[in-house]
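Raw contents of upload-v9.cif, mmCIF, C-alpha atoms:
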```cif
data_protein
#
loop_
_atom_site.group_PDB
_atom_site.id
_atom_site.type_symbol
_atom_site.label_atom_id
_atom_site.label_comp_id
_atom_site.auth_asym_id
_atom_site.auth_seq_id
_atom_site.Cartn_x
_atom_site.Cartn_y
_atom_site.Cartn_z
ATOM 1 C CA MET T 9 9.837 -13.340 -6.602
ATOM 2 C CA CYS T 10 12.065 -12.746 -3.611
ATOM 3 C CA LEU T 11 10.678 -10.064 -1.310
ATOM 4 C CA ASP T 12 14.040 -9.595 0.368
ATOM 5 C CA MET T 13 15.590 -8.561 -2.919
ATOM 6 C CA SER T 14 12.962 -6.075 -4.044
ATOM 7 C CA LEU T 15 13.223 -2.339 -3.428
ATOM 8 C CA GLU T 16 10.475 0.253 -3.596
ATOM 9 C CA ALA T 17 11.140 2.827 -6.314
ATOM 10 C CA GLY T 18 9.411 5.913 -7.678
ATOM 11 C CA VAL T 19 9.188 8.085 -10.755
ATOM 12 C CA LEU T 20 7.747 11.517 -11.513
ATOM 13 C CA VAL T 21 5.707 11.572 -14.722
ATOM 14 C CA ASP T 22 4.919 14.545 -16.946
ATOM 15 C CA PHE T 23 1.709 15.269 -18.890
ATOM 16 C CA ASP T 24 2.957 13.308 -21.902
ATOM 17 C CA GLY T 25 3.821 10.262 -19.821
ATOM 18 C CA ASN T 26 7.552 10.873 -19.868
ATOM 19 C CA PRO T 27 9.546 9.997 -16.775
ATOM 20 C CA ILE T 28 11.117 13.211 -15.557
ATOM 21 C CA TYR T 29 12.785 12.102 -12.328
ATOM 22 C CA TRP T 30 13.626 8.612 -11.092
ATOM 23 C CA HIS T 31 13.436 8.492 -7.305
ATOM 24 C CA LEU T 32 15.873 5.761 -6.284
ATOM 25 C CA PRO T 33 17.401 6.860 -2.983
ATOM 26 C CA ASN T 34 20.095 4.689 -1.446
ATOM 27 C CA ASN T 35 18.110 4.345 1.782
ATOM 28 C CA ARG T 36 14.976 2.843 0.182
ATOM 29 C CA SER T 37 13.949 -0.660 1.222
ATOM 30 C CA ALA T 38 11.536 -3.421 0.219
ATOM 31 C CA GLY T 39 8.754 -1.685 2.082
ATOM 32 C CA TYR T 40 9.636 1.989 2.389
ATOM 33 C CA ILE T 41 10.910 5.057 0.562
ATOM 34 C CA PRO T 42 12.023 7.582 3.198
ATOM 35 C CA ASP T 43 11.232 11.290 3.230
ATOM 36 C CA SER T 44 13.354 13.214 0.734
ATOM 37 C CA HIS T 45 13.993 16.918 0.317
ATOM 38 C CA LYS T 46 15.382 16.125 -3.136
ATOM 39 C CA LEU T 47 12.102 14.543 -4.254
ATOM 40 C CA TRP T 48 10.153 17.583 -3.113
ATOM 41 C CA ASP T 49 12.571 19.855 -4.984
ATOM 42 C CA GLU T 50 11.971 17.874 -8.174
ATOM 43 C CA ILE T 51 8.191 17.946 -7.707
ATOM 44 C CA TRP T 52 8.220 21.694 -7.196
ATOM 45 C CA LYS T 53 10.640 22.327 -10.063
ATOM 46 C CA ASN T 54 8.416 20.372 -12.473
ATOM 47 C CA ARG T 55 5.062 21.464 -11.078
ATOM 48 C CA CYS T 56 3.840 23.086 -14.312
ATOM 49 C CA ASN T 57 4.174 19.841 -16.272
ATOM 50 C CA LEU T 58 3.430 17.194 -13.683
ATOM 51 C CA LEU T 59 0.815 14.467 -14.215
ATOM 52 C CA GLY T 60 1.669 12.283 -11.264
ATOM 53 C CA PHE T 61 4.010 10.045 -9.333
ATOM 54 C CA ALA T 62 4.299 6.266 -9.502
ATOM 55 C CA HIS T 63 5.869 4.053 -6.875
ATOM 56 C CA SER T 64 6.146 0.320 -6.369
ATOM 57 C CA HIS T 65 4.902 -2.032 -3.695
ATOM 58 C CA PRO T 66 6.340 -5.528 -3.385
ATOM 59 C CA GLY T 67 4.200 -8.474 -4.366
ATOM 60 C CA ARG T 68 1.575 -9.201 -6.961
ATOM 61 C CA GLY T 69 -1.923 -7.907 -7.620
ATOM 62 C CA PHE T 70 -3.583 -4.550 -7.130
ATOM 63 C CA GLN T 71 -2.099 -2.599 -4.266
ATOM 64 C CA CYS T 72 -3.872 -0.253 -1.877
ATOM 65 C CA PRO T 73 -2.092 2.872 -0.631
ATOM 66 C CA SER T 74 -0.813 2.809 2.931
ATOM 67 C CA GLN T 75 -1.712 5.514 5.420
ATOM 68 C CA GLU T 76 1.822 6.850 4.885
ATOM 69 C CA ASP T 77 1.125 7.014 1.154
ATOM 70 C CA ILE T 78 -2.197 8.810 1.550
ATOM 71 C CA THR T 79 -0.893 11.417 3.948
ATOM 72 C CA THR T 80 2.010 12.078 1.555
ATOM 73 C CA PHE T 81 -0.375 12.400 -1.421
ATOM 74 C CA SER T 82 -2.458 14.869 0.543
ATOM 75 C CA ALA T 83 0.473 16.959 1.790
ATOM 76 C CA VAL T 84 2.113 17.221 -1.635
ATOM 77 C CA GLU T 85 -1.157 18.251 -3.268
ATOM 78 C CA ALA T 86 -1.769 20.842 -0.546
ATOM 79 C CA ALA T 87 1.644 22.346 -1.229
ATOM 80 C CA LEU T 88 1.218 22.273 -5.012
ATOM 81 C CA GLY T 89 -2.356 23.536 -4.953
ATOM 82 C CA GLU T 90 -2.994 20.873 -7.615
ATOM 83 C CA LYS T 91 -4.200 17.279 -7.706
ATOM 84 C CA LEU T 92 -2.025 14.527 -9.188
ATOM 85 C CA ILE T 93 -2.438 10.916 -10.275
ATOM 86 C CA TRP T 94 -0.706 8.509 -7.887
ATOM 87 C CA TRP T 95 0.088 5.088 -9.327
ATOM 88 C CA ILE T 96 1.124 2.057 -7.282
ATOM 89 C CA ILE T 97 2.613 -0.766 -9.286
ATOM 90 C CA SER T 98 3.300 -4.359 -8.316
ATOM 91 C CA GLU T 99 4.886 -7.190 -10.243
ATOM 92 C CA ASP T 100 1.819 -7.630 -12.406
ATOM 93 C CA ALA T 101 -0.698 -4.854 -11.716
ATOM 94 C CA VAL T 102 -1.147 -1.095 -11.710
ATOM 95 C CA THR T 103 -3.472 0.856 -9.441
ATOM 96 C CA SER T 104 -4.121 4.550 -9.983
ATOM 97 C CA ILE T 105 -5.279 6.667 -7.102
ATOM 98 C CA ILE T 106 -6.857 10.102 -7.156
ATOM 99 C CA TRP T 107 -8.421 12.375 -4.605
ATOM 100 C CA VAL T 108 -12.216 12.227 -4.762
ATOM 101 C CA GLY T 109 -13.048 14.263 -1.639
ATOM 102 C CA PRO T 110 -14.664 15.784 0.136
ATOM 103 C CA HIS T 111 -12.351 15.084 3.046
ATOM 104 C CA LEU T 112 -8.575 15.490 3.080
ATOM 105 C CA TRP T 113 -7.761 11.777 2.851
ATOM 106 C CA ASP T 114 -10.598 10.643 0.577
ATOM 107 C CA TYR T 115 -8.674 8.860 -2.187
ATOM 108 C CA ASN T 116 -10.148 6.351 -4.609
ATOM 109 C CA ASN T 117 -8.282 3.325 -6.000
ATOM 110 C CA ARG T 118 -8.885 2.328 -9.614
ATOM 111 C CA HIS T 119 -7.592 -0.970 -10.908
ATOM 112 C CA GLU T 120 -6.016 0.153 -14.130
ATOM 113 C CA ASN T 121 -3.975 -2.846 -15.089
ATOM 114 C CA MET T 122 -4.885 -3.454 -18.714
ATOM 115 C CA LYS T 123 -5.660 0.181 -19.355
ATOM 116 C CA CYS T 124 -2.331 1.346 -17.987
ATOM 117 C CA GLU T 125 -0.315 -1.340 -19.740
ATOM 118 C CA ARG T 126 -1.653 0.035 -23.048
ATOM 119 C CA ASP T 127 -1.749 3.702 -22.092
ATOM 120 C CA PRO T 128 1.138 5.587 -23.699
ATOM 121 C CA ARG T 129 1.349 7.717 -20.565
ATOM 122 C CA CYS T 130 2.338 4.603 -18.605
ATOM 123 C CA LYS T 131 4.378 2.515 -20.988
ATOM 124 C CA LEU T 132 7.250 5.004 -21.021
ATOM 125 C CA TRP T 133 8.076 4.257 -17.389
ATOM 126 C CA LEU T 134 6.274 1.088 -16.270
ATOM 127 C CA THR T 135 8.858 -1.455 -17.407
ATOM 128 C CA ARG T 136 11.801 0.453 -15.984
ATOM 129 C CA LEU T 137 10.006 1.078 -12.684
ATOM 130 C CA ARG T 138 9.562 -2.677 -12.304
ATOM 131 C CA GLU T 139 13.228 -3.187 -13.171
ATOM 132 C CA GLU T 140 14.338 -0.561 -10.631
ATOM 133 C CA SER T 141 12.157 -2.365 -8.074
ATOM 134 C CA ARG T 142 13.938 -5.630 -8.912
ATOM 135 C CA TYR T 143 10.716 -7.464 -9.801
ATOM 136 C CA MET K 9 9.957 42.327 5.658
ATOM 137 C CA THR K 10 12.930 42.458 8.022
ATOM 138 C CA ASP K 11 16.156 42.804 6.008
ATOM 139 C CA THR K 12 18.600 42.006 8.791
ATOM 140 C CA ILE K 13 18.883 38.384 9.871
ATOM 141 C CA ASN K 14 21.138 37.711 12.856
ATOM 142 C CA VAL K 15 23.419 34.680 12.937
ATOM 143 C CA ASN K 16 21.161 32.912 15.428
ATOM 144 C CA GLU K 17 18.101 33.531 13.262
ATOM 145 C CA ALA K 18 16.708 32.129 10.013
ATOM 146 C CA ARG K 19 14.404 33.171 7.220
ATOM 147 C CA VAL K 20 11.305 30.938 7.104
ATOM 148 C CA ASN K 21 10.172 29.814 3.660
ATOM 149 C CA ILE K 22 6.873 28.031 2.995
ATOM 150 C CA THR K 23 5.434 26.254 -0.007
ATOM 151 C CA TYR K 24 1.672 25.936 0.173
ATOM 152 C CA GLY K 25 -1.285 26.210 -2.191
ATOM 153 C CA GLY K 26 0.970 26.430 -5.232
ATOM 154 C CA ALA K 27 2.851 29.441 -3.878
ATOM 155 C CA ASN K 28 6.240 29.887 -2.287
ATOM 156 C CA ALA K 29 6.724 32.724 0.186
ATOM 157 C CA ASP K 30 8.744 33.863 3.181
ATOM 158 C CA LEU K 31 7.498 34.869 6.594
ATOM 159 C CA PRO K 32 8.011 38.633 6.942
ATOM 160 C CA ASP K 33 10.219 38.264 10.009
ATOM 161 C CA PRO K 34 13.033 35.830 10.836
ATOM 162 C CA VAL K 35 12.798 33.371 13.710
ATOM 163 C CA LEU K 36 15.424 31.774 15.944
ATOM 164 C CA PHE K 37 17.145 29.001 13.976
ATOM 165 C CA ASP K 38 16.662 26.458 16.756
ATOM 166 C CA THR K 39 12.944 27.101 17.176
ATOM 167 C CA PRO K 40 11.257 23.686 17.640
ATOM 168 C CA ASP K 41 9.481 22.259 14.597
ATOM 169 C CA LEU K 42 6.070 22.405 16.266
ATOM 170 C CA ASP K 43 6.455 26.129 16.969
ATOM 171 C CA VAL K 44 7.627 26.820 13.405
ATOM 172 C CA LYS K 45 4.621 24.971 11.998
ATOM 173 C CA ARG K 46 2.254 26.718 14.388
ATOM 174 C CA TRP K 47 3.547 30.162 13.421
ATOM 175 C CA VAL K 48 3.442 29.324 9.727
ATOM 176 C CA THR K 49 -0.117 28.009 10.092
ATOM 177 C CA GLU K 50 -1.173 31.243 11.797
ATOM 178 C CA ALA K 51 0.537 33.253 9.055
ATOM 179 C CA ILE K 52 -1.194 31.353 6.229
ATOM 180 C CA VAL K 53 -4.555 31.809 7.938
ATOM 181 C CA ALA K 54 -3.914 35.533 8.234
ATOM 182 C CA GLY K 55 -2.249 35.849 4.822
ATOM 183 C CA ILE K 56 1.391 36.113 3.759
ATOM 184 C CA PRO K 57 2.538 38.417 0.934
ATOM 185 C CA GLY K 58 2.631 36.283 -2.208
ATOM 186 C CA MET K 59 0.358 33.574 -0.861
ATOM 187 C CA THR K 60 -3.447 33.385 -0.739
ATOM 188 C CA ALA K 61 -4.775 33.150 2.819
ATOM 189 C CA ASP K 62 -6.353 29.820 3.749
ATOM 190 C CA PRO K 63 -8.403 29.602 6.953
ATOM 191 C CA ASN K 64 -8.432 25.795 6.689
ATOM 192 C CA VAL K 65 -4.696 25.210 6.300
ATOM 193 C CA ASN K 66 -3.452 21.955 7.837
ATOM 194 C CA LEU K 67 0.317 21.427 8.051
ATOM 195 C CA GLN K 68 0.133 18.175 10.017
ATOM 196 C CA ASP K 69 1.946 16.295 7.248
ATOM 197 C CA PHE K 70 4.511 18.985 6.469
ATOM 198 C CA VAL K 71 8.108 18.828 7.647
ATOM 199 C CA VAL K 72 10.647 21.441 8.684
ATOM 200 C CA ASP K 73 14.066 21.486 6.984
ATOM 201 C CA ARG K 74 16.942 23.629 8.240
ATOM 202 C CA PHE K 75 19.841 24.906 6.134
ATOM 203 C CA GLU K 76 23.003 26.721 7.144
ATOM 204 C CA ALA K 77 24.071 29.911 5.354
ATOM 205 C CA ASN K 78 26.194 29.497 2.246
ATOM 206 C CA ASP K 79 27.914 31.587 -0.419
ATOM 207 C CA VAL K 80 24.708 32.033 -2.386
ATOM 208 C CA ARG K 81 22.429 32.618 0.618
ATOM 209 C CA PRO K 82 24.272 34.432 3.397
ATOM 210 C CA TYR K 83 21.693 33.597 6.061
ATOM 211 C CA ARG K 84 20.215 30.468 7.576
ATOM 212 C CA LEU K 85 16.974 29.095 6.146
ATOM 213 C CA ILE K 86 14.085 27.127 7.592
ATOM 214 C CA GLN K 87 11.916 25.565 4.926
ATOM 215 C CA VAL K 88 8.434 24.144 5.537
ATOM 216 C CA ARG K 89 7.475 21.618 2.866
ATOM 217 C CA PRO K 90 5.245 18.533 2.473
ATOM 218 C CA LYS K 91 6.585 15.190 3.635
ATOM 219 C CA THR K 92 7.441 12.721 0.861
ATOM 220 C CA PRO K 93 7.821 9.171 2.261
ATOM 221 C CA PHE K 94 6.001 6.194 0.756
ATOM 222 C CA GLY K 95 5.584 2.787 2.285
ATOM 223 C CA ARG K 96 3.459 -0.117 3.278
#
```

Structure translated into structure tokens:
Amino acid sequence: MCLDMSLEAGVLVDFDGNPIYWHLPNNRSAGYIPDSHKLWDEIWKNRCNLLGFAHSHPGRGFQCPSQEDITTFSAVEAALGEKLIWWIISEDAVTSIIWVGPHLWDYNNRHENMKCERDPRCKLWLTRLREESRY
Amino acid sequence: MTDTINVNEARVNITYGGANADLPDPVLFDTPDLDVKRWVTEAIVAGIPGMTADPNVNLQDFVVDRFEANDVRPYRLIQVRPKTPFGR
């Protein structure tokens, strides 16, 4: 793997596991996906059929959300009035993150690797998300 | 709701709690972000038409977007929405 060549990427996922919006802004980098009005528009437009959002972190193994990630999860859910599943993928692992409460930023990481690789709700986007991340 | 919006003013739109609503009155377009968020917070606590009041609203991680008037929307718009960056 070459960290310098990878790029974080994201995808919105509907209740059936279908990718409904690939978030691949030109200004993304190996370690950051900047704020995007367009992404929020897509989240809001698809809010009635939205299971979650997956994004990539460089490297291997299970990934923990950053503080930037968690505060974004929390803000988006506050605006939607709904909770989502937030996946973070690496080269070889998938972590799913959900709010467990009671406090605003109380999110729990679940190491879902094998489960997600077999889950039809993941397999429709997992391979392409890794490709878009240049893993 | 105020119907007339002057050229130096903007309608303020908020998405929160699964609802999308406008503040009843326009604000100056160049109002600083912190003031916009403070007024919107006070409005959500008190209740906005079309949005359930929330005494615990926290807009710390929301951002303020500003849009010029266009052919479809003949007035300026300030939109308060959640931030969306991700990163390590």

Apply the PyMOL selection byres ((chain T) within 8 of (chain K)) to the file shown and report the selected residues as a PyMOL selection string.
chain T and resi 39-45+47-48+63+65+73-77+79-80+83-84+86-90

Would you export the selected residues with C-alpha atoms as a PDB file, keeping the file's coordinate frame, please?
```
ATOM      1  CA  GLY T  39       8.754  -1.685   2.082  1.00  0.00           C
ATOM      2  CA  TYR T  40       9.636   1.989   2.389  1.00  0.00           C
ATOM      3  CA  ILE T  41      10.910   5.057   0.562  1.00  0.00           C
ATOM      4  CA  PRO T  42      12.023   7.582   3.198  1.00  0.00           C
ATOM      5  CA  ASP T  43      11.232  11.290   3.230  1.00  0.00           C
ATOM      6  CA  SER T  44      13.354  13.214   0.734  1.00  0.00           C
ATOM      7  CA  HIS T  45      13.993  16.918   0.317  1.00  0.00           C
ATOM      8  CA  LEU T  47      12.102  14.543  -4.254  1.00  0.00           C
ATOM      9  CA  TRP T  48      10.153  17.583  -3.113  1.00  0.00           C
ATOM     10  CA  HIS T  63       5.869   4.053  -6.875  1.00  0.00           C
ATOM     11  CA  HIS T  65       4.902  -2.032  -3.695  1.00  0.00           C
ATOM     12  CA  PRO T  73      -2.092   2.872  -0.631  1.00  0.00           C
ATOM     13  CA  SER T  74      -0.813   2.809   2.931  1.00  0.00           C
ATOM     14  CA  GLN T  75      -1.712   5.514   5.420  1.00  0.00           C
ATOM     15  CA  GLU T  76       1.822   6.850   4.885  1.00  0.00           C
ATOM     16  CA  ASP T  77       1.125   7.014   1.154  1.00  0.00           C
ATOM     17  CA  THR T  79      -0.893  11.417   3.948  1.00  0.00           C
ATOM     18  CA  THR T  80       2.010  12.078   1.555  1.00  0.00           C
ATOM     19  CA  ALA T  83       0.473  16.959   1.790  1.00  0.00           C
ATOM     20  CA  VAL T  84       2.113  17.221  -1.635  1.00  0.00           C
ATOM     21  CA  ALA T  86      -1.769  20.842  -0.546  1.00  0.00           C
ATOM     22  CA  ALA T  87       1.644  22.346  -1.229  1.00  0.00           C
ATOM     23  CA  LEU T  88       1.218  22.273  -5.012  1.00  0.00           C
ATOM     24  CA  GLY T  89      -2.356  23.536  -4.953  1.00  0.00           C
ATOM     25  CA  GLU T  90      -2.994  20.873  -7.615  1.00  0.00           C
TER      26      GLU T  90
END
```

Applied to this file, what does the PyMOL selection byres ((chain T and resi 18) around 8) return in terms of residues, put as a compact mmCIF listing (two decimals) with C-alpha atoms, keeping the file's coordinate frame?
```
# COMPACT_ATOMS: atom_id res chain seq x y z
CA GLU T 16 10.48 0.25 -3.60
CA ALA T 17 11.14 2.83 -6.31
CA VAL T 19 9.19 8.09 -10.76
CA LEU T 20 7.75 11.52 -11.51
CA TRP T 30 13.63 8.61 -11.09
CA HIS T 31 13.44 8.49 -7.30
CA LEU T 32 15.87 5.76 -6.28
CA PHE T 61 4.01 10.04 -9.33
CA ALA T 62 4.30 6.27 -9.50
CA HIS T 63 5.87 4.05 -6.88
CA SER T 64 6.15 0.32 -6.37
CA LEU T 137 10.01 1.08 -12.68
```

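Proximity to Asp33 (chain K) was assessed for K:Asn78, K:Gln87, K:Thr49, K:Thr12 counting all atoms listed in the file; the smallest distance is recorded for K:Thr12.
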
Here is a test: counting only C-alpha atoms, which residue of T:His119, T:His111, T:Arg55, T:Arg36 is nearest to Ile96 (chain T)?
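Nearest to Ile96 (chain T): T:His119.
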
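When the distance limit is 9 Å and all atoms listed in the file are what count, the residues near region 53-58 of chain K, minus those fewer than 3 positions from it on the same chain, are K:Ala27, K:Asn28, K:Ala29, K:Asp30, K:Leu31, K:Pro32, K:Val48, K:Thr49, K:Glu50, K:Ala61, K:Asp62, K:Pro63, K:Asn64, K:Val65.
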
As lines of an AutoDock Vina configuration file, please: the centre and edge lengths in Å, to one decimal, of an axis-aligned box enclosing every listed atom of region 32-38 of chain K with 5 Å added on each side.
```
center_x = 12.6
center_y = 32.5
center_z = 11.8
size_x = 19.1
size_y = 22.2
size_z = 19.8
```

Near Asn26 (chain T), within 12 Å and counting all atoms listed in the file, which residues show up once chain neighbours fewer than 4 positions away are dropped, as a ChimeraX atom specification?
/T:19-22,30,57-62,127-134,136

Rounded to one decimal in Å, what is the spacing between CA of Thr60 (chain K) and CA of Val20 (chain K)?
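Taking CA of Thr60 (chain K) and CA of Val20 (chain K), their separation equals 16.9 Å.
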
Non-local contacts of Glu76 (chain K) (10 Å; all atoms listed in the file; under 4 positions in same chain excluded) as a list in words:
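Once the adjacent positions are removed, what remains is Val15, Ala18, Phe37, Arg81, Pro82, Tyr83, Arg84, Leu85 and Ile86 of chain K.
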
Would you save the residues of that selection, restricted to C-alpha atoms, as a CSV table (one decimal), in the frame of the given file?
```csv
chain,number,residue,atom,x,y,z
K,15,VAL,CA,23.4,34.7,12.9
K,18,ALA,CA,16.7,32.1,10.0
K,37,PHE,CA,17.1,29.0,14.0
K,81,ARG,CA,22.4,32.6,0.6
K,82,PRO,CA,24.3,34.4,3.4
K,83,TYR,CA,21.7,33.6,6.1
K,84,ARG,CA,20.2,30.5,7.6
K,85,LEU,CA,17.0,29.1,6.1
K,86,ILE,CA,14.1,27.1,7.6
```

So how far away is CA of Glu139 (chain T) from CA of Glu50 (chain T), in Å?
21.7 Å

Completion step: region 51-70 of chain T with N, CA and C atoms as a compact mmCIF listing (two decimals), in the coordinates of the input:
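What ended up in part.txt:
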```txt
# COMPACT_ATOMS: atom_id res chain seq x y z
N ILE T 51 9.63 17.74 -7.51
CA ILE T 51 8.19 17.95 -7.71
C ILE T 51 7.90 19.42 -7.93
N TRP T 52 8.49 20.25 -7.10
CA TRP T 52 8.22 21.69 -7.20
C TRP T 52 8.79 22.27 -8.49
N LYS T 53 9.98 21.82 -8.84
CA LYS T 53 10.64 22.33 -10.06
C LYS T 53 9.82 21.99 -11.31
N ASN T 54 9.16 20.85 -11.29
CA ASN T 54 8.42 20.37 -12.47
C ASN T 54 6.91 20.56 -12.34
N ARG T 55 6.48 21.40 -11.42
CA ARG T 55 5.06 21.46 -11.08
C ARG T 55 4.15 21.88 -12.24
N CYS T 56 4.68 22.61 -13.21
CA CYS T 56 3.84 23.09 -14.31
C CYS T 56 3.60 22.01 -15.36
N ASN T 57 4.29 20.89 -15.26
CA ASN T 57 4.17 19.84 -16.27
C ASN T 57 4.10 18.47 -15.62
N LEU T 58 3.40 18.41 -14.49
CA LEU T 58 3.43 17.19 -13.68
C LEU T 58 2.08 16.49 -13.71
N LEU T 59 2.05 15.26 -14.20
CA LEU T 59 0.82 14.47 -14.22
C LEU T 59 0.68 13.66 -12.93
N GLY T 60 1.78 13.07 -12.47
CA GLY T 60 1.67 12.28 -11.26
C GLY T 60 2.98 11.64 -10.86
N PHE T 61 2.86 10.75 -9.87
CA PHE T 61 4.01 10.04 -9.33
C PHE T 61 3.64 8.58 -9.18
N ALA T 62 4.52 7.71 -9.64
CA ALA T 62 4.30 6.27 -9.50
C ALA T 62 5.33 5.71 -8.54
N HIS T 63 4.90 4.78 -7.69
CA HIS T 63 5.87 4.05 -6.88
C HIS T 63 5.45 2.59 -6.77
N SER T 64 6.37 1.77 -6.36
CA SER T 64 6.15 0.32 -6.37
C SER T 64 5.91 -0.21 -4.96
N HIS T 65 5.08 -1.23 -4.91
CA HIS T 65 4.90 -2.03 -3.70
C HIS T 65 5.32 -3.46 -4.02
N PRO T 66 5.95 -4.15 -3.10
CA PRO T 66 6.34 -5.53 -3.38
C PRO T 66 5.12 -6.43 -3.50
N GLY T 67 5.28 -7.49 -4.26
CA GLY T 67 4.20 -8.47 -4.37
C GLY T 67 3.46 -8.39 -5.68
N ARG T 68 2.37 -9.14 -5.75
CA ARG T 68 1.58 -9.20 -6.96
C ARG T 68 0.18 -8.66 -6.69
N GLY T 69 -0.54 -8.35 -7.76
CA GLY T 69 -1.92 -7.91 -7.62
C GLY T 69 -2.06 -6.42 -7.38
N PHE T 70 -3.32 -5.97 -7.34
CA PHE T 70 -3.58 -4.55 -7.13
C PHE T 70 -3.25 -4.15 -5.70
```
